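Here is my_file-v4.cif, consisting of mmCIF, C-alpha atoms:
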```
data_data
#
loop_
_atom_site.label_atom_id
_atom_site.label_comp_id
_atom_site.auth_asym_id
_atom_site.auth_seq_id
_atom_site.Cartn_x
_atom_site.Cartn_y
_atom_site.Cartn_z
CA MET A 12 0.00 0.00 0.00
CA ALA A 13 2.93 2.31 0.80
CA GLU A 14 4.15 2.22 -2.81
CA LEU A 15 0.66 2.77 -4.15
CA ILE A 16 0.47 6.15 -2.44
CA GLU A 17 3.36 7.33 -4.62
CA LEU A 18 1.66 6.37 -7.86
CA ARG A 19 -0.19 8.87 -10.02
CA ASP A 20 -3.97 8.74 -10.32
CA GLU A 21 -3.80 7.39 -13.86
CA GLN A 22 -1.53 4.52 -12.80
CA LEU A 23 -3.87 3.64 -9.95
CA LEU A 24 -6.81 3.72 -12.34
CA LYS A 25 -5.06 1.30 -14.68
CA MET A 26 -4.35 -1.09 -11.80
CA MET A 27 -7.92 -0.71 -10.64
CA ARG A 28 -9.16 -1.71 -14.09
CA ASP A 29 -7.11 -4.89 -13.70
CA GLY A 30 -8.99 -5.65 -10.49
CA ASP A 31 -6.49 -4.32 -7.91
CA GLU A 32 -8.58 -3.54 -4.83
CA ASP A 33 -5.75 -1.74 -3.00
CA ALA A 34 -5.28 0.57 -5.99
CA PHE A 35 -8.98 1.41 -5.89
CA ALA A 36 -8.87 2.05 -2.13
CA THR A 37 -5.82 4.30 -2.54
CA LEU A 38 -7.45 6.27 -5.32
CA TYR A 39 -10.64 6.60 -3.30
CA ARG A 40 -8.83 7.83 -0.18
CA ARG A 41 -6.89 10.33 -2.23
CA ARG A 42 -9.85 11.87 -4.04
CA GLN A 43 -12.91 11.36 -1.85
CA GLY A 44 -12.19 14.33 0.42
CA GLY A 45 -12.12 16.83 -2.44
CA ILE A 46 -15.33 15.46 -3.93
CA TYR A 47 -17.12 15.30 -0.60
CA ARG A 48 -16.11 18.87 0.31
CA PHE A 49 -17.00 20.21 -3.14
CA VAL A 50 -20.56 18.90 -2.83
CA LEU A 51 -20.80 19.99 0.80
CA GLU A 52 -19.65 23.49 -0.12
CA MET A 53 -22.04 23.59 -3.06
CA SER A 54 -25.09 22.26 -1.21
CA GLY A 55 -24.49 22.60 2.52
CA SER A 56 -25.76 19.04 2.94
CA THR A 57 -23.59 16.27 4.36
CA ALA A 58 -26.16 13.67 3.26
CA LEU A 59 -25.98 14.87 -0.33
CA ALA A 60 -22.17 15.04 -0.18
CA GLU A 61 -22.10 11.42 1.00
CA ASP A 62 -24.53 10.24 -1.69
CA VAL A 63 -22.68 12.00 -4.49
CA THR A 64 -19.26 10.74 -3.33
CA GLN A 65 -20.62 7.20 -3.39
CA GLU A 66 -22.25 7.66 -6.80
CA VAL A 67 -19.09 9.09 -8.35
CA PHE A 68 -16.94 6.17 -7.29
CA MET A 69 -19.63 3.64 -8.17
CA ALA A 70 -19.66 5.14 -11.66
CA LEU A 71 -15.87 4.84 -11.75
CA ILE A 72 -16.12 1.17 -10.80
CA ARG A 73 -18.72 0.53 -13.49
CA GLU A 74 -17.20 2.65 -16.26
CA SER A 75 -13.53 3.16 -15.46
CA ARG A 76 -12.79 3.40 -19.19
CA GLY A 77 -14.97 6.49 -19.49
CA TYR A 78 -12.04 8.67 -18.44
CA ASP A 79 -10.07 10.26 -21.29
CA PRO A 80 -6.68 11.62 -20.07
CA SER A 81 -6.47 13.98 -23.04
CA ARG A 82 -9.42 15.95 -21.66
CA GLY A 83 -7.92 16.76 -18.25
CA SER A 84 -6.79 15.24 -14.97
CA LEU A 85 -8.62 12.39 -13.27
CA ALA A 86 -9.32 14.70 -10.32
CA ALA A 87 -11.06 17.15 -12.65
CA TYR A 88 -12.96 14.29 -14.28
CA LEU A 89 -14.21 13.04 -10.90
CA LEU A 90 -15.19 16.55 -9.81
CA GLY A 91 -17.01 17.00 -13.12
CA MET A 92 -18.98 13.82 -12.38
CA ALA A 93 -19.64 15.02 -8.83
CA ARG A 94 -20.92 18.32 -10.17
CA HIS A 95 -23.21 16.51 -12.61
CA HIS A 96 -24.65 14.25 -9.89
CA ALA A 97 -24.98 17.11 -7.40
CA VAL A 98 -26.83 19.35 -9.84
CA ARG A 99 -29.15 16.49 -10.78
CA LEU A 100 -29.93 15.63 -7.16
CA LEU A 101 -30.35 19.27 -6.18
CA LYS A 102 -32.80 19.78 -9.00
CA ARG A 103 -34.65 16.61 -8.07
CA ASP A 104 -35.30 17.63 -4.49
CA ARG A 105 -34.76 21.14 -3.39
CA THR A 106 -35.12 20.13 0.24
CA TYR A 107 -31.43 19.89 1.01
CA VAL A 108 -30.35 21.07 4.46
CA SER A 109 -28.88 24.52 4.58
CA ILE A 110 -25.85 25.16 6.74
CA ALA A 111 -27.96 27.22 9.15
CA GLU A 112 -30.42 24.34 9.61
CA GLY A 113 -27.62 21.83 9.84
CA THR A 114 -25.75 23.65 12.55
CA ARG A 115 -28.85 23.79 14.71
CA ASP A 116 -28.50 20.10 15.41
CA GLY A 117 -24.74 20.21 15.07
CA GLU A 118 -24.69 18.20 11.83
CA ASN A 119 -22.49 20.62 9.93
CA ALA A 120 -20.89 22.44 12.81
CA LEU A 121 -17.45 23.64 11.81
CA PRO A 122 -14.57 22.72 14.08
CA PHE A 123 -12.87 25.66 15.77
CA SER A 124 -10.07 26.19 18.26
CA SER A 125 -10.93 26.51 21.91
CA GLU A 126 -7.84 28.56 22.83
CA ASP A 127 -9.83 31.80 23.12
CA PRO A 128 -13.55 30.92 23.17
CA GLN A 129 -14.72 34.47 22.44
CA TRP A 130 -12.36 34.93 19.50
CA ALA A 131 -13.12 31.44 18.28
CA MET A 132 -16.86 32.09 18.47
CA SER A 133 -16.51 35.31 16.49
CA ARG A 134 -14.32 33.53 13.94
CA GLN A 135 -16.84 30.72 13.71
CA GLN A 136 -19.62 33.19 13.05
CA SER A 137 -17.75 34.97 10.28
CA ILE A 138 -16.83 31.65 8.65
CA GLU A 139 -20.45 30.55 8.79
CA ALA A 140 -21.53 33.88 7.34
CA VAL A 141 -19.16 33.31 4.40
CA GLN A 142 -20.49 29.79 3.97
CA GLN A 143 -24.09 31.04 3.99
CA ALA A 144 -23.22 33.72 1.48
CA ILE A 145 -21.59 31.13 -0.81
CA LEU A 146 -24.67 28.91 -0.59
CA SER A 147 -26.89 31.80 -1.60
CA LEU A 148 -24.88 32.55 -4.76
CA PRO A 149 -26.32 31.56 -8.14
CA GLU A 150 -24.99 28.13 -9.11
CA HIS A 151 -22.56 29.27 -11.82
CA TYR A 152 -20.83 31.74 -9.55
CA ARG A 153 -20.92 29.38 -6.57
CA GLU A 154 -19.10 26.69 -8.57
CA ALA A 155 -16.34 29.07 -9.57
CA VAL A 156 -15.86 30.37 -6.01
CA VAL A 157 -15.92 26.88 -4.49
CA LEU A 158 -13.46 25.39 -6.97
CA CYS A 159 -11.06 28.32 -7.31
CA ASP A 160 -11.15 29.94 -3.89
CA LEU A 161 -12.03 27.11 -1.52
CA ASN A 162 -10.33 24.26 -3.34
CA GLU A 163 -7.54 26.38 -4.83
CA MET A 164 -7.91 24.81 -8.25
CA SER A 165 -6.26 26.44 -11.24
CA TYR A 166 -8.39 28.23 -13.80
CA GLU A 167 -7.55 25.49 -16.31
CA ASP A 168 -8.69 22.63 -14.04
CA THR A 169 -11.80 24.56 -13.05
CA ALA A 170 -12.60 25.15 -16.72
CA SER A 171 -12.19 21.41 -17.30
CA VAL A 172 -14.60 20.56 -14.47
CA LEU A 173 -17.19 23.13 -15.53
CA GLY A 174 -16.80 22.50 -19.24
CA CYS A 175 -16.23 26.14 -20.12
CA SER A 176 -13.35 28.41 -21.11
CA VAL A 177 -10.73 29.84 -18.76
CA GLY A 178 -12.05 33.34 -19.55
CA THR A 179 -15.53 32.29 -18.41
CA VAL A 180 -14.11 30.92 -15.16
CA ARG A 181 -12.27 34.20 -14.52
CA SER A 182 -15.33 36.34 -15.13
CA ARG A 183 -17.61 34.06 -13.06
CA LEU A 184 -15.13 34.13 -10.20
CA HIS A 185 -14.87 37.90 -10.40
CA ARG A 186 -18.64 38.30 -10.42
CA GLY A 187 -19.10 35.64 -7.72
CA ARG A 188 -16.70 37.39 -5.38
CA ALA A 189 -18.39 40.73 -5.99
CA LEU A 190 -21.76 39.17 -5.08
CA LEU A 191 -20.23 37.58 -1.99
CA LEU A 192 -18.96 40.94 -0.81
CA GLN A 193 -22.40 42.44 -1.35
CA LYS A 194 -24.08 39.70 0.65
CA LEU A 195 -21.54 39.82 3.46
CA ALA A 196 -21.77 43.59 3.71
CA GLY A 197 -25.56 43.51 3.88
CA GLY A 198 -26.64 43.64 0.26
CA LYS A 199 -27.96 46.77 -1.31
CA LYS A 200 -27.24 48.95 1.69
CA ALA A 201 -23.55 48.18 1.49
CA GLU A 202 -23.58 48.58 -2.27
CA ALA A 203 -25.05 52.07 -1.85
CA GLY A 204 -22.33 52.84 0.67
CA ARG A 205 -19.67 51.69 -1.74
CA LYS A 206 -21.09 53.81 -4.52
CA ALA A 207 -20.94 56.79 -2.22
CA ILE A 208 -17.16 56.52 -2.08
CA ASP A 209 -16.84 55.48 -5.70
CA PRO A 210 -14.67 58.08 -7.47
CA SER A 211 -16.39 57.54 -10.81
CA GLY A 212 -14.12 60.02 -12.53
CA CYS A 213 -11.21 57.74 -11.78
CA LEU A 214 -12.78 54.94 -13.89
CA ALA A 215 -12.49 56.99 -17.07
CA MET B 26 -3.12 51.91 -14.31
CA ASN B 27 -6.62 53.25 -13.65
CA CYS B 28 -9.44 51.99 -11.39
CA LYS B 29 -10.91 49.83 -14.14
CA ASP B 30 -7.60 48.00 -14.66
CA PHE B 31 -7.21 47.70 -10.90
CA GLU B 32 -10.70 46.23 -10.52
CA SER B 33 -10.07 43.64 -13.22
CA MET B 34 -7.08 42.18 -11.38
CA VAL B 35 -7.62 42.89 -7.68
CA HIS B 36 -9.12 39.49 -6.80
CA GLU B 37 -6.33 37.66 -8.60
CA MET B 38 -3.76 39.81 -6.83
CA VAL B 39 -5.04 39.03 -3.33
CA SER B 40 -5.52 35.33 -4.20
CA GLY B 41 -1.95 35.06 -5.48
CA ARG B 42 -3.12 34.25 -9.02
CA ALA B 43 -1.79 37.35 -10.76
CA ALA B 44 1.23 36.31 -12.77
CA ASP B 45 2.50 39.69 -13.95
CA LYS B 46 4.67 41.16 -11.15
CA THR B 47 5.06 44.52 -12.90
CA LYS B 48 1.30 44.97 -13.13
CA GLN B 49 0.95 44.01 -9.48
CA LEU B 50 3.37 46.74 -8.48
CA GLU B 51 1.52 49.23 -10.66
CA ALA B 52 -1.77 48.19 -9.04
CA LEU B 53 -0.38 48.61 -5.52
CA GLU B 54 1.00 51.99 -6.50
CA HIS B 55 -2.44 52.96 -7.84
CA ALA B 56 -4.13 51.82 -4.62
CA GLY B 57 -1.74 54.05 -2.69
CA GLN B 58 -3.14 57.05 -4.55
CA CYS B 59 -6.83 56.07 -4.90
CA LEU B 60 -9.04 55.76 -1.80
CA TRP B 61 -11.70 53.68 -3.57
CA CYS B 62 -9.18 51.16 -4.88
CA ALA B 63 -7.43 51.01 -1.49
CA LEU B 64 -10.80 50.08 0.08
CA ARG B 65 -11.43 47.52 -2.65
CA PHE B 66 -8.03 45.99 -1.95
CA ASP B 67 -8.82 45.72 1.79
CA GLU B 68 -12.25 44.30 1.04
CA GLU B 69 -10.89 41.61 -1.32
CA THR B 70 -8.09 40.77 1.13
CA ARG B 71 -10.60 40.24 3.96
CA LEU B 72 -12.81 38.11 1.72
CA THR B 73 -9.83 35.97 0.70
CA GLU B 74 -8.85 35.50 4.35
CA ASN B 75 -12.40 34.46 5.23
CA LEU B 76 -12.54 32.05 2.31
CA GLN B 77 -9.21 30.55 3.34
CA ALA B 78 -10.45 30.18 6.92
CA LEU B 79 -13.58 28.44 5.65
CA ALA B 80 -11.50 26.16 3.41
CA LYS B 81 -9.29 25.32 6.39
CA ALA B 82 -12.30 24.60 8.60
CA LEU B 83 -13.83 22.36 5.95
CA HIS B 84 -10.57 20.60 5.15
CA VAL B 85 -11.19 18.00 7.86
CA GLN B 86 -14.50 17.00 6.27
CA ARG B 87 -14.46 13.52 4.75
CA ALA B 88 -17.00 11.00 3.56
CA PRO B 89 -17.89 8.59 6.40
CA ALA B 90 -16.08 5.25 6.57
CA ARG B 91 -19.27 3.40 5.60
CA VAL B 92 -19.01 4.87 2.09
CA GLU B 93 -15.56 3.35 1.60
CA GLU B 94 -16.76 0.02 2.98
CA ALA B 95 -19.72 -0.05 0.59
CA LEU B 96 -17.57 0.93 -2.38
CA VAL B 97 -14.83 -1.61 -1.68
CA GLU B 98 -17.49 -4.29 -1.38
CA ALA B 99 -19.02 -3.19 -4.70
CA PHE B 100 -15.57 -3.21 -6.32
CA ARG B 101 -14.91 -6.71 -4.99
CA GLU B 102 -18.24 -7.97 -6.33
CA ARG B 103 -17.62 -6.34 -9.69
CA THR B 104 -14.15 -7.90 -9.95
CA ARG B 105 -15.50 -11.30 -8.96
CA ARG B 106 -18.14 -11.14 -11.67
CA ALA B 107 -15.63 -9.94 -14.26
CA ASN B 108 -13.25 -12.80 -13.46
CA ARG B 109 -15.95 -15.42 -13.67
CA PRO B 110 -15.20 -17.45 -16.81
CA LEU B 111 -17.81 -16.91 -19.47
CA PHE B 112 -17.56 -20.57 -20.42
CA GLY B 113 -16.15 -23.11 -18.03
CA PHE B 114 -14.32 -25.31 -20.47
CA ALA B 115 -15.09 -24.48 -24.04
CA GLY B 116 -13.32 -21.13 -24.02
CA LYS B 117 -13.68 -18.05 -26.14
CA ARG B 118 -13.85 -19.98 -29.40
CA LEU B 119 -17.25 -21.25 -28.44
CA TRP B 120 -18.43 -17.74 -27.65
CA HIS B 121 -17.69 -16.68 -31.20
CA ARG B 122 -19.66 -19.59 -32.50
CA LEU B 123 -22.50 -19.00 -30.12
CA SER B 124 -22.67 -15.34 -30.99
CA TRP B 125 -23.78 -15.94 -34.54
CA GLY B 126 -25.96 -18.78 -33.34
CA LEU B 127 -27.61 -16.38 -30.92
CA ALA B 128 -28.11 -13.90 -33.72
CA PHE B 129 -29.98 -16.63 -35.57
CA ALA B 130 -31.94 -17.33 -32.40
CA ALA B 131 -32.91 -13.70 -32.19
CA ILE B 132 -34.34 -13.91 -35.70
CA VAL B 133 -36.26 -17.04 -34.70
CA ALA B 134 -37.55 -15.28 -31.59
CA VAL B 135 -38.73 -12.30 -33.64
CA THR B 136 -40.48 -14.66 -36.03
CA VAL B 137 -42.21 -16.42 -33.13
CA ILE B 138 -43.33 -13.09 -31.71
CA ILE B 139 -44.74 -12.08 -35.09
CA VAL B 140 -46.52 -15.42 -35.44
CA LEU B 141 -47.96 -15.25 -31.94
CA GLY B 142 -49.03 -11.68 -32.54
CA ASN B 143 -50.80 -12.70 -35.70
CA ARG B 144 -52.44 -15.65 -33.96
CA LYS B 145 -53.99 -13.24 -31.51
CA THR B 146 -55.32 -11.17 -34.36
CA GLY B 147 -56.55 -14.33 -36.08
CA ALA B 148 -54.41 -13.85 -39.18
CA PRO B 149 -51.70 -16.53 -39.12
CA LEU B 150 -48.80 -15.97 -41.50
CA LEU B 151 -47.10 -19.33 -41.03
CA GLN B 152 -48.44 -22.84 -40.89
CA HIS B 153 -46.88 -24.87 -38.07
CA ARG B 154 -46.35 -28.59 -38.17
CA GLN B 155 -48.35 -30.35 -35.49
CA PRO B 156 -47.73 -33.95 -34.39
CA ASP B 157 -50.33 -36.01 -36.16
CA SER B 158 -52.01 -39.01 -34.71
CA GLY B 159 -51.06 -42.43 -36.13
CA ALA B 160 -54.18 -42.47 -38.29
CA GLN B 161 -53.50 -39.04 -39.70
CA ALA B 162 -49.86 -40.03 -40.40
CA ALA B 163 -50.95 -43.14 -42.17
CA ALA B 164 -53.30 -41.12 -44.35
CA LYS B 165 -50.43 -38.98 -45.63
CA GLY B 166 -48.14 -39.80 -48.52
CA PRO B 167 -44.86 -41.71 -48.04
CA ALA B 168 -42.55 -38.66 -48.26
CA GLU B 169 -44.53 -36.63 -45.78
CA THR B 170 -44.84 -39.55 -43.38
CA ALA B 171 -41.05 -40.00 -43.36
CA SER B 172 -40.62 -36.36 -42.51
CA LEU B 173 -43.02 -36.60 -39.57
CA ASP B 174 -41.29 -39.71 -38.28
CA GLU B 175 -37.99 -37.86 -38.33
CA TRP B 176 -39.58 -34.99 -36.37
CA ALA B 177 -41.12 -37.37 -33.81
CA ASN B 178 -37.86 -39.19 -33.25
CA GLU B 179 -35.86 -36.03 -32.89
CA GLY B 180 -33.15 -36.80 -30.29
CA THR B 181 -31.13 -34.48 -28.09
CA THR B 182 -28.05 -34.70 -25.91
CA ASP B 183 -28.29 -33.96 -22.21
CA PHE B 184 -27.91 -30.33 -21.21
CA ILE B 185 -24.22 -29.48 -20.91
CA PRO B 186 -23.47 -26.74 -18.33
CA LEU B 187 -21.34 -23.87 -19.62
CA GLY B 188 -19.94 -23.00 -16.18
CA THR B 189 -21.43 -19.52 -16.14
CA CYS B 190 -24.05 -20.22 -13.53
CA ASP B 191 -23.09 -21.20 -10.00
CA ASP B 192 -26.34 -20.39 -8.25
CA SER B 193 -30.02 -20.67 -8.96
CA GLU B 194 -30.46 -16.88 -9.32
CA CYS B 195 -28.84 -16.86 -12.73
CA LEU B 196 -31.62 -19.12 -13.98
CA ASP B 197 -34.36 -16.69 -12.97
CA ASP B 198 -36.39 -15.81 -16.04
CA ALA B 199 -34.25 -18.20 -18.12
CA VAL B 200 -35.39 -18.93 -21.65
CA LEU B 201 -34.55 -21.71 -24.07
CA VAL B 202 -33.49 -20.58 -27.52
CA HIS B 203 -32.94 -22.66 -30.60
CA VAL B 204 -29.67 -21.89 -32.42
CA ALA B 205 -27.58 -23.16 -35.32
CA LEU B 206 -23.85 -23.65 -34.76
CA PRO B 207 -21.00 -24.79 -36.99
CA ALA B 208 -20.73 -28.59 -36.69
CA GLU B 209 -17.20 -28.26 -35.34
CA ALA B 210 -18.75 -26.86 -32.12
CA LEU B 211 -19.54 -30.50 -31.27
CA LEU B 212 -15.82 -31.13 -30.90
CA ASP B 213 -15.60 -28.47 -28.20
CA PHE B 214 -17.89 -30.60 -26.10
CA GLY B 215 -16.17 -33.88 -26.90
CA LEU B 216 -19.02 -35.04 -29.15
CA PRO B 217 -18.32 -36.90 -32.42
CA ILE B 218 -19.11 -35.47 -35.82
CA ASN B 219 -20.13 -37.47 -38.85
CA ASN B 220 -17.50 -38.51 -41.37
CA ASP B 221 -19.53 -36.97 -44.16
CA TRP B 222 -19.52 -33.58 -42.47
CA VAL B 223 -18.88 -30.72 -44.88
CA ALA B 224 -17.05 -27.57 -43.75
CA GLY B 225 -19.55 -24.82 -42.99
CA GLU B 226 -22.35 -27.25 -42.23
CA SER B 227 -24.31 -26.35 -39.12
CA VAL B 228 -25.87 -28.31 -36.29
CA GLU B 229 -28.85 -27.30 -34.24
CA ALA B 230 -28.74 -26.75 -30.52
CA GLU B 231 -30.81 -25.35 -27.70
CA VAL B 232 -29.23 -22.86 -25.31
CA VAL B 233 -30.54 -21.90 -21.86
CA ILE B 234 -30.19 -18.12 -21.55
CA GLY B 235 -30.39 -16.75 -18.01
CA GLY B 236 -32.27 -13.60 -17.04
CA GLU B 237 -29.06 -11.57 -17.39
CA GLY B 238 -28.62 -12.75 -20.96
CA VAL B 239 -25.76 -15.14 -20.20
CA PRO B 240 -25.92 -18.63 -21.78
CA SER B 241 -25.77 -21.20 -19.00
CA ALA B 242 -26.28 -24.59 -20.68
CA ILE B 243 -26.50 -26.12 -24.12
CA ARG B 244 -27.84 -29.29 -25.67
CA PHE B 245 -27.47 -30.45 -29.23
CA VAL B 246 -30.45 -31.52 -31.25
CA ASP B 247 -29.88 -34.47 -33.53
#
```
Just give me the structure as structure tokens.
Amino acid sequence: MAELIELRDEQLLKMMRDGDEDAFATLYRRRQGGIYRFVLEMSGSTALAEDVTQEVFMALIRESRGYDPSRGSLAAYLLGMARHHAVRLLKRDRTYVSIAEGTRDGENALPFSSEDPQWAMSRQQSIEAVQQAILSLPEHYREAVVLCDLNEMSYEDTASVLGCSVGTVRSRLHRGRALLLQKLAGGKKAEAGRKAIDPSGCLA
Amino acid sequence: MNCKDFESMVHEMVSGRAADKTKQLEALEHAGQCLWCALRFDEETRLTENLQALAKALHVQRAPARVEEALVEAFRERTRRANRPLFGFAGKRLWHRLSWGLAFAAIVAVTVIIVLGNRKTGAPLLQHRQPDSGAQAAAKGPAETASLDEWANEGTTDFIPLGTCDDSECLDDAVLVHVALPAEALLDFGLPINNDWVAGESVEAEVVIGGEGVPSAIRFVD
């Protein structure tokens, strides 16, 4: 197993196709976290994140030859599948748990340090506010923010996952961040405040 | 650099994505002179810090262990099925022969469906041979009687398992299909062929096809 960890995804996939269970387990452990978090960040639902993670790897077991290396990395391919499943499931039932609902019963409570409880509480609140704001973004912008800013993916990999151009990713990310700032600052009120200090002459 | 240029690159600058160092310096210089852009820079920096904090907080999130257990079990089952030999002893050669035999069977099946469909509508297209009674057979001419005798005495081998079915489930919804195979297929099962056999001549057989479409047994019809 130790040597398997050093292998690239594509090598593990090839071994997996030949029936190597350890190669499959290694590949799963390497990629499941990213997929699970992507869906959790997109939906706010741990149940949905779990279902989609399972579906993605089940699809990989069934159709491992569906991956074409010339079209991007395996990680991007798996995230693309996760996105497809997540969108389908979200459209099917819009009753997914929001972060606010989830944290009421502690389901999605974020871990935080207990060194300074007051500071930690304040930090926790601002993190949750960001998470809520992300969840309220339109899907296209949310995807770009989640992949680029939360998962630190390159524009190229993000474009591969979303099936669009790098330019589109850049503009969606830019717009998504602008919307996030609006939401975090209190929406229209904050926007009006920003316009008040906007030196429009400078934009010429 | 003006505010518009600054705005177009500020989020990439604070996220460490801006590649052009010269432009970055120009942007910082611009922010030093423009209050609005300085505020935008602070705003984007705070947002990036919050996003990084969220990413860090979520980094510990993983799918529960039960997902891995279920997937490994599914992988194991899939591998087991894939490694199961399609034919226990006759090998791939037989599969090639069966494949065109099955194609023929499909044609027969379609014909039967058409005939049955027409029977229901009361407009039969084909006349089927029915086993006549002794009196009826005797009433027919010599040539036709010989043909009926041949039909009545039609012999078959026992069913020969193909090694693809190791439990009763695979026989759920099984169907028996009539196929034609090259006569040399008999050799695969250790059965003799006639000395007057001509290359390309076919023999008839019946194949048990399980619910999943996998042939599980075969018997040859004389």
task = Measuring atom to atom with only C-alpha atoms, identify which of B:Arg101, B:Arg244, B:Arg42, B:His203 is nearest to Arg28 in chain A.
result = B:Arg101
query = So, counting all atoms listed in the file, which residue among B:Leu212, B:Val246, B:Val85, B:Val35 is closest to Ala56 in chain B?
reply = B:Val35
query = So which residues touch range 183-195 of chain A within 9 Å, counting only C-alpha atoms, skipping near sequence neighbours fewer than 5 positions away, as a PyMOL selection string?
reply = (chain A and resi 140-141+144-145+147-149+151-156+159-160+178+200-202) or (chain B and resi 33-34+36-37+68-69+72)
Give me, as a Markdown table, each residue of chain B that comes within 10 Å of chain A, together with its shortest interatomic pair and the distance in Å at one decimal, counting only C-alpha atoms, with rows ordered by chain and rising residue number.
```
| residue | atom | partner | partner_atom | distance |
| --- | --- | --- | --- | --- |
| B:Asn27 | CA | A:Leu214 | CA | 6.4 |
| B:Cys28 | CA | A:Leu214 | CA | 5.1 |
| B:Lys29 | CA | A:Leu214 | CA | 5.4 |
| B:Asp30 | CA | A:Leu214 | CA | 8.7 |
| B:Phe31 | CA | A:Leu214 | CA | 9.6 |
| B:Glu32 | CA | A:His185 | CA | 9.3 |
| B:Ser33 | CA | A:His185 | CA | 8.0 |
| B:Met34 | CA | A:His185 | CA | 8.9 |
| B:Val35 | CA | A:His185 | CA | 9.2 |
| B:His36 | CA | A:His185 | CA | 7.0 |
| B:Glu37 | CA | A:His185 | CA | 8.7 |
| B:Ser40 | CA | A:Asp160 | CA | 7.8 |
| B:Arg42 | CA | A:Ser165 | CA | 8.7 |
| B:Cys59 | CA | A:Cys213 | CA | 8.3 |
| B:Leu60 | CA | A:Ile208 | CA | 8.2 |
| B:Trp61 | CA | A:Asp209 | CA | 5.8 |
| B:Cys62 | CA | A:Asp209 | CA | 8.8 |
| B:Leu64 | CA | A:Arg205 | CA | 9.2 |
| B:Arg65 | CA | A:Arg205 | CA | 9.3 |
| B:Glu68 | CA | A:Leu192 | CA | 7.7 |
| B:Glu69 | CA | A:Leu192 | CA | 8.1 |
| B:Arg71 | CA | A:Leu192 | CA | 9.7 |
| B:Leu72 | CA | A:Leu192 | CA | 7.2 |
| B:Thr73 | CA | A:Asp160 | CA | 7.7 |
| B:Glu74 | CA | A:Ile138 | CA | 9.8 |
| B:Asn75 | CA | A:Ile138 | CA | 6.3 |
| B:Leu76 | CA | A:Leu161 | CA | 6.3 |
| B:Gln77 | CA | A:Leu161 | CA | 6.6 |
| B:Ala78 | CA | A:Ile138 | CA | 6.8 |
| B:Leu79 | CA | A:Ile138 | CA | 5.5 |
| B:Ala80 | CA | A:Leu161 | CA | 5.0 |
| B:Lys81 | CA | A:Leu161 | CA | 8.6 |
| B:Ala82 | CA | A:Leu121 | CA | 6.1 |
| B:Leu83 | CA | A:Leu121 | CA | 7.0 |
| B:His84 | CA | A:Arg48 | CA | 7.6 |
| B:Val85 | CA | A:Gly44 | CA | 8.4 |
| B:Gln86 | CA | A:Arg48 | CA | 6.5 |
| B:Arg87 | CA | A:Gly44 | CA | 5.0 |
| B:Ala88 | CA | A:Glu61 | CA | 5.7 |
| B:Pro89 | CA | A:Glu61 | CA | 7.4 |
| B:Arg91 | CA | A:Glu61 | CA | 9.7 |
| B:Val92 | CA | A:Gln65 | CA | 6.2 |
| B:Glu93 | CA | A:Tyr39 | CA | 7.7 |
| B:Glu94 | CA | A:Ala36 | CA | 9.6 |
| B:Ala95 | CA | A:Gln65 | CA | 8.3 |
| B:Leu96 | CA | A:Met69 | CA | 6.7 |
| B:Val97 | CA | A:Ala36 | CA | 7.0 |
| B:Glu98 | CA | A:Glu32 | CA | 9.6 |
| B:Ala99 | CA | A:Met69 | CA | 7.7 |
| B:Phe100 | CA | A:Ile72 | CA | 6.3 |
| B:Arg101 | CA | A:Glu32 | CA | 7.1 |
| B:Arg103 | CA | A:Ile72 | CA | 7.7 |
| B:Thr104 | CA | A:Gly30 | CA | 5.7 |
| B:Arg105 | CA | A:Gly30 | CA | 8.8 |
| B:Ala107 | CA | A:Gly30 | CA | 8.8 |
| B:Asn108 | CA | A:Gly30 | CA | 8.8 |
```
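The spacing separating CA of Met26 in chain B from CA of Val39 in chain B amounts to 17.0 Å.
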Could you spell out the hits of the PyMOL selection byres ((chain B and resi 124-130) around 12) on the shown file, as a short mmCIF file (atom, residue, chain, number, x, y, z; two decimals) with C-alpha atoms, in the frame of the given file?
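Contents of out-v3.cif, freshly written:
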```
data_model
loop_
_atom_site.label_atom_id
_atom_site.label_comp_id
_atom_site.auth_asym_id
_atom_site.auth_seq_id
_atom_site.Cartn_x
_atom_site.Cartn_y
_atom_site.Cartn_z
CA LYS B 117 -13.68 -18.05 -26.14
CA ARG B 118 -13.85 -19.98 -29.40
CA LEU B 119 -17.25 -21.25 -28.44
CA TRP B 120 -18.43 -17.74 -27.65
CA HIS B 121 -17.69 -16.68 -31.20
CA ARG B 122 -19.66 -19.59 -32.50
CA LEU B 123 -22.50 -19.00 -30.12
CA ALA B 131 -32.91 -13.70 -32.19
CA ILE B 132 -34.34 -13.91 -35.70
CA VAL B 133 -36.26 -17.04 -34.70
CA ALA B 134 -37.55 -15.28 -31.59
CA VAL B 135 -38.73 -12.30 -33.64
CA THR B 136 -40.48 -14.66 -36.03
CA VAL B 137 -42.21 -16.42 -33.13
CA VAL B 200 -35.39 -18.93 -21.65
CA LEU B 201 -34.55 -21.71 -24.07
CA VAL B 202 -33.49 -20.58 -27.52
CA HIS B 203 -32.94 -22.66 -30.60
CA VAL B 204 -29.67 -21.89 -32.42
CA ALA B 205 -27.58 -23.16 -35.32
CA LEU B 206 -23.85 -23.65 -34.76
CA PRO B 207 -21.00 -24.79 -36.99
CA ALA B 208 -20.73 -28.59 -36.69
CA ALA B 210 -18.75 -26.86 -32.12
CA SER B 227 -24.31 -26.35 -39.12
CA VAL B 228 -25.87 -28.31 -36.29
CA GLU B 229 -28.85 -27.30 -34.24
CA ALA B 230 -28.74 -26.75 -30.52
CA GLU B 231 -30.81 -25.35 -27.70
CA VAL B 232 -29.23 -22.86 -25.31
CA VAL B 233 -30.54 -21.90 -21.86
CA ILE B 234 -30.19 -18.12 -21.55
CA GLY B 238 -28.62 -12.75 -20.96
CA VAL B 239 -25.76 -15.14 -20.20
CA PRO B 240 -25.92 -18.63 -21.78
CA ILE B 243 -26.50 -26.12 -24.12
#
```
